[in-house]
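Student: Sharing start_11.txt, compact mmCIF, C-alpha atoms and all ligand atoms:
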# COMPACT_ATOMS: atom_id res chain seq x y z
CA MET A 1 151.81 116.29 -89.85
CA ILE A 2 149.12 117.64 -92.10
CA THR A 3 147.14 120.60 -91.00
CA HIS A 4 143.69 121.18 -92.35
CA THR A 5 143.82 124.89 -92.58
CA ALA A 6 142.95 126.70 -95.74
CA ARG A 7 145.26 129.57 -96.65
CA PRO A 8 145.02 131.82 -93.60
CA LEU A 9 146.01 134.79 -95.72
CA LYS A 10 145.13 136.01 -99.14
CA VAL A 11 148.02 138.03 -100.49
CA VAL A 12 147.42 140.67 -103.12
CA LEU A 13 150.22 142.27 -105.04
CA TYR A 14 148.54 145.56 -105.69
CA GLU A 15 149.57 147.61 -108.71
CA GLY A 16 146.25 149.29 -109.39
CA LYS A 17 145.08 152.84 -108.92
CA GLY A 18 146.98 154.73 -106.25
CA ALA A 19 150.01 152.42 -106.34
CA ILE A 20 153.28 152.50 -108.26
CA ALA A 21 153.97 149.52 -110.55
CA LEU A 22 156.78 147.30 -109.28
CA PRO A 23 159.92 146.73 -111.37
CA ALA A 24 159.29 143.64 -113.56
CA GLU A 25 162.08 141.58 -112.04
CA ALA A 26 161.02 142.33 -108.47
CA ARG A 27 157.42 141.40 -109.27
CA LEU A 28 158.39 137.97 -110.62
CA LYS A 29 160.74 137.30 -107.72
CA VAL A 30 158.22 138.09 -105.05
CA MET A 31 155.41 136.13 -106.74
CA THR A 32 157.69 133.11 -107.09
CA ALA A 33 158.95 133.29 -103.52
CA LEU A 34 155.46 133.57 -102.04
CA LEU A 35 154.04 130.74 -104.17
CA ASP A 36 156.94 128.45 -103.37
CA LYS A 37 156.31 129.12 -99.69
CA GLY A 38 152.70 127.97 -100.07
CA TYR A 39 150.80 131.27 -100.28
CA ALA A 40 148.06 132.10 -102.76
CA VAL A 41 148.76 135.43 -104.43
CA ALA A 42 146.70 137.65 -106.70
CA ARG A 43 148.16 140.37 -108.81
CA VAL A 44 145.88 143.32 -109.30
CA THR A 45 146.54 145.91 -111.99
CA ALA A 46 144.35 148.62 -113.39
CA THR A 47 143.25 146.25 -116.17
CA GLY A 48 141.59 142.86 -116.15
CA THR A 49 139.17 141.41 -113.66
CA GLN A 50 139.71 142.41 -110.10
CA THR A 51 140.48 139.81 -107.52
CA SER A 52 137.51 138.49 -105.60
CA PRO A 53 137.39 139.27 -101.91
CA PRO A 54 137.73 136.20 -99.70
CA GLN A 55 134.38 134.69 -98.75
CA ASP A 56 135.70 133.44 -95.47
CA ASP A 57 137.09 135.45 -92.61
CA HIS A 58 140.70 135.29 -93.67
CA THR A 59 142.96 138.27 -93.74
CA LEU A 60 143.56 140.07 -97.00
CA LEU A 61 147.09 141.39 -97.14
CA LEU A 62 147.69 144.07 -99.74
CA LEU A 63 151.30 144.59 -100.76
CA GLY A 64 152.29 147.50 -102.95
CA SER A 65 154.58 150.35 -103.59
CA PHE A 66 152.70 153.43 -102.52
CA PRO A 67 153.45 157.18 -102.88
CA GLU A 68 155.57 158.36 -99.95
CA ARG A 69 155.69 154.73 -98.85
CA GLN A 70 152.37 155.23 -97.22
CA ALA A 71 150.14 152.14 -97.40
CA PRO A 72 146.47 153.12 -97.32
CA ALA A 73 144.20 152.20 -94.45
CA LEU A 74 141.49 149.90 -95.86
CA GLU A 75 138.36 148.41 -94.48
CA ASP A 76 135.98 145.73 -95.72
CA VAL A 77 132.50 147.23 -95.93
CA THR A 78 130.97 143.99 -94.68
CA GLY A 79 133.37 144.02 -91.74
CA ARG A 80 134.08 140.31 -92.24
CA VAL A 81 137.49 140.43 -93.82
CA LYS A 82 140.42 142.01 -92.10
CA ILE A 83 142.37 144.02 -94.65
CA GLU A 84 145.94 145.00 -94.03
CA ALA A 85 148.14 146.98 -96.41
CA ARG A 86 151.91 147.22 -96.40
CA ASP A 87 154.34 149.25 -98.43
CA ILE A 88 157.05 147.09 -100.00
CA THR A 89 159.06 149.73 -101.85
CA ASP A 90 162.71 148.64 -102.02
CA LEU A 91 162.12 145.43 -100.09
CA ASP A 92 163.65 142.28 -101.59
CA ALA A 93 161.67 139.06 -102.05
CA GLU A 94 163.07 137.50 -98.89
CA SER A 95 162.04 140.45 -96.73
CA ILE A 96 158.59 140.46 -98.31
CA VAL A 97 158.12 136.75 -97.50
CA ALA A 98 159.23 137.48 -93.93
CA LEU A 99 156.72 140.32 -93.74
CA VAL A 100 153.92 138.05 -94.97
CA ASP A 101 154.96 135.31 -92.53
CA LYS A 102 154.84 137.85 -89.73
CA THR A 103 151.35 138.99 -90.69
CA ARG A 104 150.22 135.36 -90.77
CA GLY A 105 151.59 134.96 -87.25
CA GLU A 106 150.96 131.66 -85.52
CA LYS A 107 148.26 130.50 -87.90
CA PRO A 108 149.29 127.11 -89.30
CA MET A 109 149.74 126.54 -93.00
CA ASN A 110 151.00 123.63 -95.04
CA GLU A 111 154.29 124.18 -96.73
CA PRO A 112 155.71 122.64 -99.89
CA GLY A 113 158.43 120.08 -99.27
CA LYS A 114 156.92 118.83 -96.04
CA TRP A 115 154.08 116.87 -97.53
CA LYS A 116 152.95 115.61 -100.89
CA PRO A 117 149.26 115.89 -101.70
CA TRP A 118 148.71 112.32 -102.83
CA PHE A 119 145.20 111.00 -103.07
CA PRO A 120 142.91 109.60 -105.75
CA VAL A 121 140.78 111.94 -107.79
CA ILE A 122 137.74 110.46 -109.50
CA ASP A 123 136.90 111.33 -113.07
CA TYR A 124 133.13 111.16 -112.76
CA SER A 125 132.72 111.44 -116.50
CA ARG A 126 134.14 107.89 -116.68
CA CYS A 127 133.17 106.38 -113.33
CA THR A 128 130.28 103.89 -113.39
CA ASN A 129 130.02 103.69 -109.59
CA CYS A 130 130.95 100.00 -109.58
CA MET A 131 132.59 100.28 -106.11
CA GLN A 132 135.63 98.17 -106.97
CA CYS A 133 137.90 100.88 -105.58
CA LEU A 134 136.00 100.94 -102.30
CA SER A 135 136.26 97.18 -101.94
CA PHE A 136 139.92 97.19 -102.85
CA CYS A 137 141.54 99.93 -100.77
CA LEU A 138 142.69 98.66 -97.41
CA PHE A 139 143.14 102.11 -95.99
CA ASP A 140 139.55 103.38 -95.99
CA VAL A 141 140.24 106.12 -98.48
CA TYR A 142 136.93 105.63 -100.27
CA GLY A 143 133.38 105.99 -99.04
CA VAL A 144 129.95 106.67 -100.44
CA SER A 145 127.95 109.88 -100.47
CA GLU A 146 124.40 110.18 -99.20
CA GLU A 147 123.33 109.50 -102.78
CA ASN A 148 125.36 106.26 -102.71
CA LYS A 149 127.92 107.64 -105.08
CA ILE A 150 131.57 106.70 -104.74
CA GLN A 151 133.62 109.41 -103.04
CA VAL A 152 137.16 109.97 -101.88
CA GLN A 153 136.56 110.64 -98.21
CA ASN A 154 139.78 110.12 -96.28
CA ASN A 155 142.49 111.35 -98.58
CA ASP A 156 145.06 111.60 -95.79
CA ASN A 157 144.88 107.81 -95.39
CA CYS A 158 146.17 107.24 -98.91
CA LYS A 159 149.71 105.91 -99.14
CA THR A 160 152.04 108.36 -100.82
CA ASN A 161 153.11 107.26 -104.30
CA CYS A 162 150.77 104.26 -104.30
CA PRO A 163 148.45 104.35 -107.30
CA ALA A 164 147.24 100.79 -106.68
CA CYS A 165 143.50 101.48 -106.77
CA SER A 166 143.82 103.16 -110.15
CA ARG A 167 144.79 99.73 -111.49
CA VAL A 168 141.63 98.17 -110.13
CA CYS A 169 139.26 100.63 -111.72
CA PRO A 170 137.80 99.00 -114.82
CA GLU A 171 136.97 102.40 -116.30
CA VAL A 172 140.39 104.03 -115.81
CA ALA A 173 138.53 106.68 -113.83
CA ILE A 174 140.97 107.08 -110.95
CA MET A 175 143.62 109.76 -111.30
CA PHE A 176 146.55 110.77 -109.17
CA PRO A 177 147.50 114.21 -110.49
CA LYS A 178 150.99 114.00 -108.95
CA TYR A 179 151.77 110.72 -110.71
CA GLN A 180 154.33 110.90 -113.48
CA ALA A 181 152.76 108.84 -116.25
CA GLY A 182 149.44 108.90 -118.03
CA PRO A 183 146.62 108.16 -117.94
CA ILE A 184 146.87 108.00 -114.13
CA ASN A 185 148.15 111.59 -114.05
CA GLY A 186 144.97 112.76 -115.78
CA ASP A 187 146.17 112.48 -119.36
CA ASP A 188 143.62 111.34 -121.92
CA VAL A 189 142.69 107.67 -121.79
CA SER A 190 143.42 105.82 -125.01
CA ALA A 191 141.79 102.59 -126.11
CA ALA A 192 145.08 100.84 -125.41
CA ASP A 193 145.18 102.22 -121.85
CA HIS A 194 141.70 100.99 -121.30
CA GLY A 195 142.62 97.47 -122.33
CA ARG A 196 145.83 97.47 -120.34
CA GLU A 197 144.20 98.73 -117.17
CA LYS A 198 141.44 96.19 -117.47
CA MET A 199 143.95 93.40 -117.53
CA LYS A 200 145.38 94.60 -114.28
CA VAL A 201 142.08 94.05 -112.56
CA ASP A 202 142.97 90.40 -112.42
CA ILE A 203 146.11 91.05 -110.41
CA SER A 204 144.31 93.49 -108.21
CA SER A 205 141.37 91.27 -107.55
CA LEU A 206 143.80 88.64 -106.48
CA LEU A 207 145.17 91.05 -103.94
CA GLY A 208 142.16 92.97 -102.94
CA GLY A 209 139.05 91.11 -103.93
CA ASP A 210 139.24 87.39 -104.48
CA ILE A 211 141.92 86.92 -101.91
CA TYR A 212 139.50 87.84 -99.16
CA SER A 213 136.92 85.39 -100.33
CA ALA A 214 139.69 82.90 -100.88
CA LEU A 215 140.75 83.22 -97.29
CA LYS A 216 137.22 83.04 -96.04
CA ASP A 217 136.34 80.12 -98.24
CA ARG A 218 139.45 78.37 -97.10
CA SER A 219 138.51 78.61 -93.48
CA ALA A 220 135.18 77.17 -94.47
CA ALA A 221 137.07 74.47 -96.35
CA ALA A 222 135.48 75.61 -99.58
CA LYS A 223 137.08 75.37 -102.98
CA SER A 224 139.07 78.28 -104.29
CA ARG A 225 142.17 79.01 -106.27
CA PHE A 226 144.30 78.99 -103.14
CA SER A 227 142.41 76.69 -100.92
CA LYS A 228 142.39 72.99 -100.35
CA GLU A 229 145.66 72.02 -98.81
CA ARG A 230 146.81 75.56 -98.13
CA SER A 231 146.49 77.35 -94.84
CA PRO A 232 145.31 80.96 -94.48
CA ASP A 233 148.86 81.84 -93.52
CA LYS A 234 150.13 80.48 -96.78
CA ALA A 235 147.53 82.42 -98.69
CA LEU A 236 148.64 85.55 -96.96
CA ASP A 237 152.16 84.69 -97.94
CA GLU A 238 150.92 84.41 -101.47
CA ARG A 239 149.37 87.81 -101.22
CA LYS A 240 152.61 89.25 -99.88
CA LYS A 241 154.51 87.70 -102.76
CA CYS A 242 152.18 89.32 -105.23
CA LEU A 243 152.49 92.63 -103.51
CA THR A 244 156.25 92.25 -103.49
CA LYS A 245 156.10 91.73 -107.21
CA LEU A 246 154.08 94.89 -107.58
CA VAL A 247 156.69 96.69 -105.50
CA ASN A 248 159.51 95.31 -107.62
CA ASP A 249 157.71 96.31 -110.79
CA GLY A 250 157.55 99.83 -109.46
CA PHE A 251 153.77 99.66 -109.16
CA ILE A 252 153.48 100.46 -105.49
CA PRO A 253 156.03 101.68 -102.95
CA MET A 254 157.59 99.42 -100.34
CA ASP A 255 156.04 101.23 -97.42
CA VAL A 256 152.57 100.22 -98.57
CA LEU A 257 153.61 96.63 -98.14
CA ALA A 258 155.11 97.44 -94.77
CA SER A 259 152.01 99.24 -93.58
CA LEU A 260 149.47 96.58 -94.47
CA PRO A 261 147.17 95.76 -91.61
CA SER A 262 147.37 92.38 -89.87
CA PRO A 263 145.75 89.40 -91.62
CA ASP A 264 142.76 89.50 -89.30
CA GLU A 265 142.39 93.19 -89.81
CA ILE A 266 142.57 92.74 -93.59
CA LEU A 267 139.76 90.22 -93.43
CA ARG A 268 137.68 92.44 -91.20
CA LYS A 269 138.27 95.50 -93.35
CA SER A 270 137.48 93.70 -96.55
CA GLU A 271 134.20 92.49 -95.09
CA VAL A 272 133.26 95.99 -94.01
CA ALA A 273 134.27 97.53 -97.35
CA LYS A 274 132.44 94.87 -99.31
CA ALA A 275 129.31 95.30 -97.23
CA ARG A 276 129.42 99.07 -97.75
CA ALA A 277 129.95 98.66 -101.46
CA ALA A 278 127.15 96.11 -101.72
CA ALA A 279 124.77 98.31 -99.73
CA ALA A 280 125.58 101.32 -101.89
CA LEU A 281 125.09 99.32 -105.06
CA ALA A 282 121.84 97.84 -103.84
CA ALA A 283 120.54 101.30 -102.98
CA GLN A 284 121.14 102.62 -106.47
CA PRO A 285 118.27 103.05 -108.85
CA GLY A 286 118.07 99.99 -111.08
CA ALA A 287 120.18 98.09 -108.60
CA GLY A 288 120.46 94.80 -110.45
CA ALA A 289 124.15 95.60 -111.04
CA ALA A 290 125.23 94.49 -107.54
CA SER A 291 127.06 91.22 -107.83
CA MET B 292 130.90 142.96 -124.41
CA PRO B 293 132.39 139.53 -123.69
CA GLU B 294 133.17 138.82 -120.08
CA THR B 295 136.91 138.96 -119.30
CA PRO B 296 137.99 135.63 -117.86
CA THR B 297 139.76 135.34 -114.53
CA LEU B 298 143.25 134.01 -115.10
CA LEU B 299 144.51 131.38 -112.68
CA TYR B 300 148.03 130.00 -112.49
CA CYS B 301 148.96 126.93 -110.45
CA ARG B 302 152.53 126.66 -109.23
CA CYS B 303 152.43 122.91 -108.51
CA ALA B 304 154.72 123.64 -105.58
CA TYR B 305 153.91 120.52 -103.54
CA ALA B 306 155.34 117.85 -105.82
CA GLN B 307 156.71 119.67 -108.80
CA VAL B 308 155.33 117.48 -111.53
CA VAL B 309 155.01 120.46 -113.86
CA PRO B 310 158.37 121.17 -115.57
CA SER B 311 159.91 124.09 -113.72
CA GLY B 312 161.16 125.73 -116.92
CA VAL B 313 157.61 125.90 -118.26
CA LYS B 314 155.95 127.09 -115.08
CA ASN B 315 158.62 129.75 -114.46
CA ALA B 316 158.34 131.05 -117.99
CA VAL B 317 154.53 131.16 -117.86
CA LEU B 318 154.63 133.09 -114.60
CA GLN B 319 157.21 135.46 -116.04
CA GLN B 320 155.03 136.20 -119.06
CA LEU B 321 151.98 136.77 -116.87
CA CYS B 322 154.03 139.09 -114.66
CA ASP B 323 155.41 140.97 -117.65
CA SER B 324 151.92 141.56 -119.02
CA GLY B 325 149.69 144.23 -117.63
CA ALA B 326 147.08 141.67 -116.62
CA SER B 327 145.51 140.99 -113.26
CA PHE B 328 145.67 137.32 -112.34
CA GLU B 329 145.25 134.85 -109.51
CA THR B 330 147.85 132.30 -108.50
CA VAL B 331 147.76 129.34 -106.15
CA SER B 332 150.60 127.35 -104.74
CA ASP B 333 149.10 123.94 -105.54
CA LEU B 334 145.61 122.96 -106.62
CA CYS B 335 146.02 119.40 -105.30
CA GLU B 336 146.92 120.66 -101.86
CA MET B 337 143.88 122.95 -101.87
CA THR B 338 141.58 120.09 -102.88
CA ALA B 339 143.06 117.88 -100.17
CA HIS B 340 141.92 120.47 -97.65
CA ARG B 341 138.70 121.48 -99.38
CA ASP B 342 140.05 125.02 -99.40
CA PRO B 343 137.16 127.51 -99.68
CA ARG B 344 139.28 129.54 -102.11
CA LEU B 345 138.46 126.92 -104.74
CA GLN B 346 134.78 127.79 -104.37
CA GLU B 347 135.57 131.45 -104.83
CA LEU B 348 137.55 130.70 -107.95
CA ALA B 349 134.88 128.42 -109.41
CA GLN B 350 132.37 131.19 -108.89
CA CYS B 351 134.42 133.74 -110.84
CA GLY B 352 132.17 133.32 -113.86
CA LYS B 353 134.71 132.63 -116.54
CA LEU B 354 138.06 131.02 -115.88
CA ARG B 355 141.23 130.35 -117.81
CA ILE B 356 143.59 128.07 -115.90
CA ALA B 357 147.25 127.22 -116.45
CA ALA B 358 147.90 124.02 -114.49
CA CYS B 359 148.10 120.41 -115.66
CA TYR B 360 145.90 117.85 -117.42
CA PRO B 361 142.36 119.16 -117.90
CA ARG B 362 140.86 115.88 -116.67
CA ALA B 363 142.84 116.17 -113.43
CA VAL B 364 142.08 119.85 -112.88
CA THR B 365 138.36 119.34 -113.51
CA GLY B 366 138.37 116.37 -111.11
CA LEU B 367 140.20 118.31 -108.41
CA PHE B 368 137.70 121.17 -108.42
CA GLN B 369 134.78 118.75 -108.47
CA GLN B 370 136.23 116.73 -105.61
CA ALA B 371 136.57 119.91 -103.58
CA GLY B 372 132.86 120.59 -104.05
CA ALA B 373 133.59 123.47 -106.40
CA PRO B 374 132.76 122.25 -109.91
CA LEU B 375 134.22 124.44 -112.64
CA PRO B 376 131.85 126.51 -114.70
CA GLU B 377 131.17 125.36 -118.22
CA GLY B 378 133.52 126.88 -120.75
CA THR B 379 136.50 126.94 -118.39
CA GLU B 380 139.70 126.74 -120.39
CA ILE B 381 142.45 124.58 -118.96
CA LEU B 382 145.96 124.85 -120.34
CA ASN B 383 148.30 122.01 -119.57
CA MET B 384 151.78 123.06 -118.43
CA ARG B 385 152.85 119.40 -118.49
CA SER B 386 152.44 119.13 -122.23
CA LEU B 387 152.36 122.57 -123.84
CA THR B 388 155.16 125.07 -124.20
CA ALA B 389 155.30 128.18 -122.05
CA ASP B 390 154.76 130.37 -125.10
CA GLU B 391 151.65 128.46 -126.17
CA ILE B 392 150.22 128.78 -122.69
CA ALA B 393 151.06 132.43 -122.16
CA GLN B 394 149.66 133.30 -125.55
CA GLN B 395 146.35 131.63 -124.79
CA MET B 396 146.18 132.91 -121.22
CA LEU B 397 146.72 136.47 -122.35
CA ARG B 398 144.73 136.48 -125.56
CA THR B 399 141.93 139.00 -125.80
CA GLU B 400 138.38 137.75 -125.97
CA ASP B 401 137.96 138.54 -129.66
CA GLU B 402 140.94 136.35 -130.61
CA ALA B 403 140.03 132.79 -131.57
CA ALA B 404 139.86 130.19 -128.81
CA PRO B 405 142.68 127.68 -129.09
CA ALA B 406 142.46 124.09 -130.13
CA VAL B 407 144.65 123.14 -127.16
CA ALA B 408 142.39 124.44 -124.44
CA ASN B 409 139.68 122.41 -122.79
CA ALA B 410 136.64 124.43 -123.72
S1 LIG A 501 146.44 104.53 -103.69
FE1 LIG A 501 146.43 102.80 -102.28
S2 LIG A 501 145.95 103.73 -100.32
FE2 LIG A 501 145.44 105.24 -101.86
S3 LIG A 501 143.30 104.95 -102.26
FE3 LIG A 501 144.38 103.72 -103.74
S4 LIG A 501 144.57 101.68 -102.80
FE4 LIG A 501 143.99 103.11 -101.18
S1 LIG A 502 136.49 101.48 -109.49
FE1 LIG A 502 136.45 103.18 -110.95
S2 LIG A 502 134.46 103.05 -111.98
FE2 LIG A 502 134.36 101.79 -110.13
S3 LIG A 502 133.52 103.17 -108.57
FE3 LIG A 502 135.75 103.26 -108.38
S4 LIG A 502 136.29 105.01 -109.67
FE4 LIG A 502 134.22 104.45 -110.26
So, in terms of structure tokens, how does the structure I just supplied come out?
Ligand code: SF4
Ligand code: SF4
Tutor:
Amino acid sequence: MITHTARPLKVVLYEGKGAIALPAEARLKVMTALLDKGYAVARVTATGTQTSPPQDDHTLLLLGSFPERQAPALEDVTGRVKIEARDITDLDAESIVALVDKTRGEKPMNEPGKWKPWFPVIDYSRCTNCMQCLSFCLFDVYGVSEENKIQVQNNDNCKTNCPACSRVCPEVAIMFPKYQAGPINGDDVSAADHGREKMKVDISSLLGGDIYSALKDRSAAAKSRFSKERSPDKALDERKKCLTKLVNDGFIPMDVLASLPSPDEILRKSEVAKARAAAALAAQPGAGAAS
Amino acid sequence: MPETPTLLYCRCAYAQVVPSGVKNAVLQQLCDSGASFETVSDLCEMTAHRDPRLQELAQCGKLRIAACYPRAVTGLFQQAGAPLPEGTEILNMRSLTADEIAQQMLRTEDEAAPAVANA
């Protein structure tokens, strides 16, 4: 279960004025342990820029080795941020993490290992706002802003390890930073990538675009690639086959296939998504591009 | 006097796509230096939750970030509603060596900007 809580604590490893520098090994160990637990940590020394105070009402927890093991009493002049200080002289990394956990108390926080942040990230320097991704995704991940610009709105709906929509984007503008290979992981886009990705649009449109119209046309007994003698059920079978191929090719994970909505729901969703995309395109300045 | 950049290190703790040898060594070199720096557990996770800390970081003035691909990092901040200031340097722990990154992260302002950073 994903919680939507920003870091409830800002941890500062304080080695500035009035504190004793930590032994190098202890410093690295405690930083590593806290980061791997999911905390954000700043190290403050006498040099360099000082850490910015939190702009929200989260607690600032100052950890340091202080003379006579006496952590100072600190107060935020604005009164917004609760500042706590603790002496950590001679404490090992494990005990320090326990101390931080205790200060955090019951406040929820995501933890590494329990969830993978997997969602599309749009490279707006490449995106042309064509809305193909919005029409394609069956899980309502995309939406449009008030300015009718494509946006990732429901990133929790995205299917972990599925980079399918990145294959639909004609501009190679969709990134998944946790993906292994480039350019989907954010690596530079080469001319070859551009060509390759464009080719994939055909497969994707079969699955996400044309297939919907194919199904609709079929029920209206219209002509289409799949229509004529085929039933909607058969076309859906076709779609499944294609998706299975994508699964086998390592393109998308099996659970995406398993979690596809029902055929009726797919049709309904595609209509809604297409209408939203068309409306957003029509509302853009110089809207002739809507097709 | 040139403004000292805020140094930010991302641990990539939520999926570990950054090689652990590189990220450990970069953190070690930052820790061994006398510098102040900021660290986050995972920039993707923070973007997923529109963490207000990203706004704070983007408002630092000047930033030097050790994370992953510059295109991805820029996109993450933008998606979180915290576009990075112009001139932010992004060092890619997925493709550079730990020494290259630490050297650039810790260089003084009068040393030349690197060819590897995303200026
Ligand atoms: S990866 Fe799949 S679920 Fe996620 S946005 Fe793209 S198409 Fe939708
Ligand atoms: S498919 Fe690509 S170019 Fe089109 S709106 Fe989506 S991200 Fe932008």
Student: Nearest to chain B: which of A:Asp140, A:Glu15, A:Glu171, A:Glu106 is it, counting all atoms listed in the file?
Tutor: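 Checking each candidate against chain B, we get A:Glu15 as the closest.
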Student: Fewer than 3 positions away in the same chain doesn't count, so skip those; otherwise give me all residues within 10 Å of range 108-117 of chain A, counting all atoms listed in the file, as an NGL selection string.
Tutor: (:A and (1-9 or 35-39 or 104-105 or 120 or 155-156 or 158 or 160-161 or 176-178)) or (:B and (303-307 or 332-340))
Student: One decimal, Å: what's the distance from CA of Gly182 in chain A over to CA of Leu134 in chain A, could you say?
Tutor: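 Distance reported for this atom pair: 22.2 Å.
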Student: Have a look at A:Leu13, A:Cys169, A:Met175, A:Val121 and name the one nearest to Phe368 in chain B; count all atoms listed in the file.
Tutor: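 Checking each of A:Leu13, A:Cys169, A:Met175, A:Val121 against Phe368 in chain B, counting all atoms listed in the file, the winner is A:Val121.
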Student: What separation in Å, quoted to one decimal, exists between CA of Val141 in chain A and CA of Arg362 in chain B?
Tutor: 20.7 Å
Student: Restricting the calculation to only C-alpha atoms and all ligand atoms: of A:Ala282, A:Val172, A:Val41, A:Met254, which residue gets closest to ligand LIG 502 (chain A)?
Tutor: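 Going through A:Ala282, A:Val172, A:Val41, A:Met254 one by one, the smallest distance to ligand LIG 502 (chain A) is for A:Val172.
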Student: Within 12 Å of Asp188 in chain A, counting only C-alpha atoms, which residues qualify if same-chain residues fewer than 3 places away don't, as a list in words?
Tutor: Asp123, Arg126, Val172, Ala173, Met175, Ala181, Gly182, Pro183, Ile184, Asn185, Ala191, Ala192, Asp193 and His194 of chain A; Cys359, Tyr360, Pro361, Arg362, Ala363, Asn383, Ser386 and Asn409 of chain B
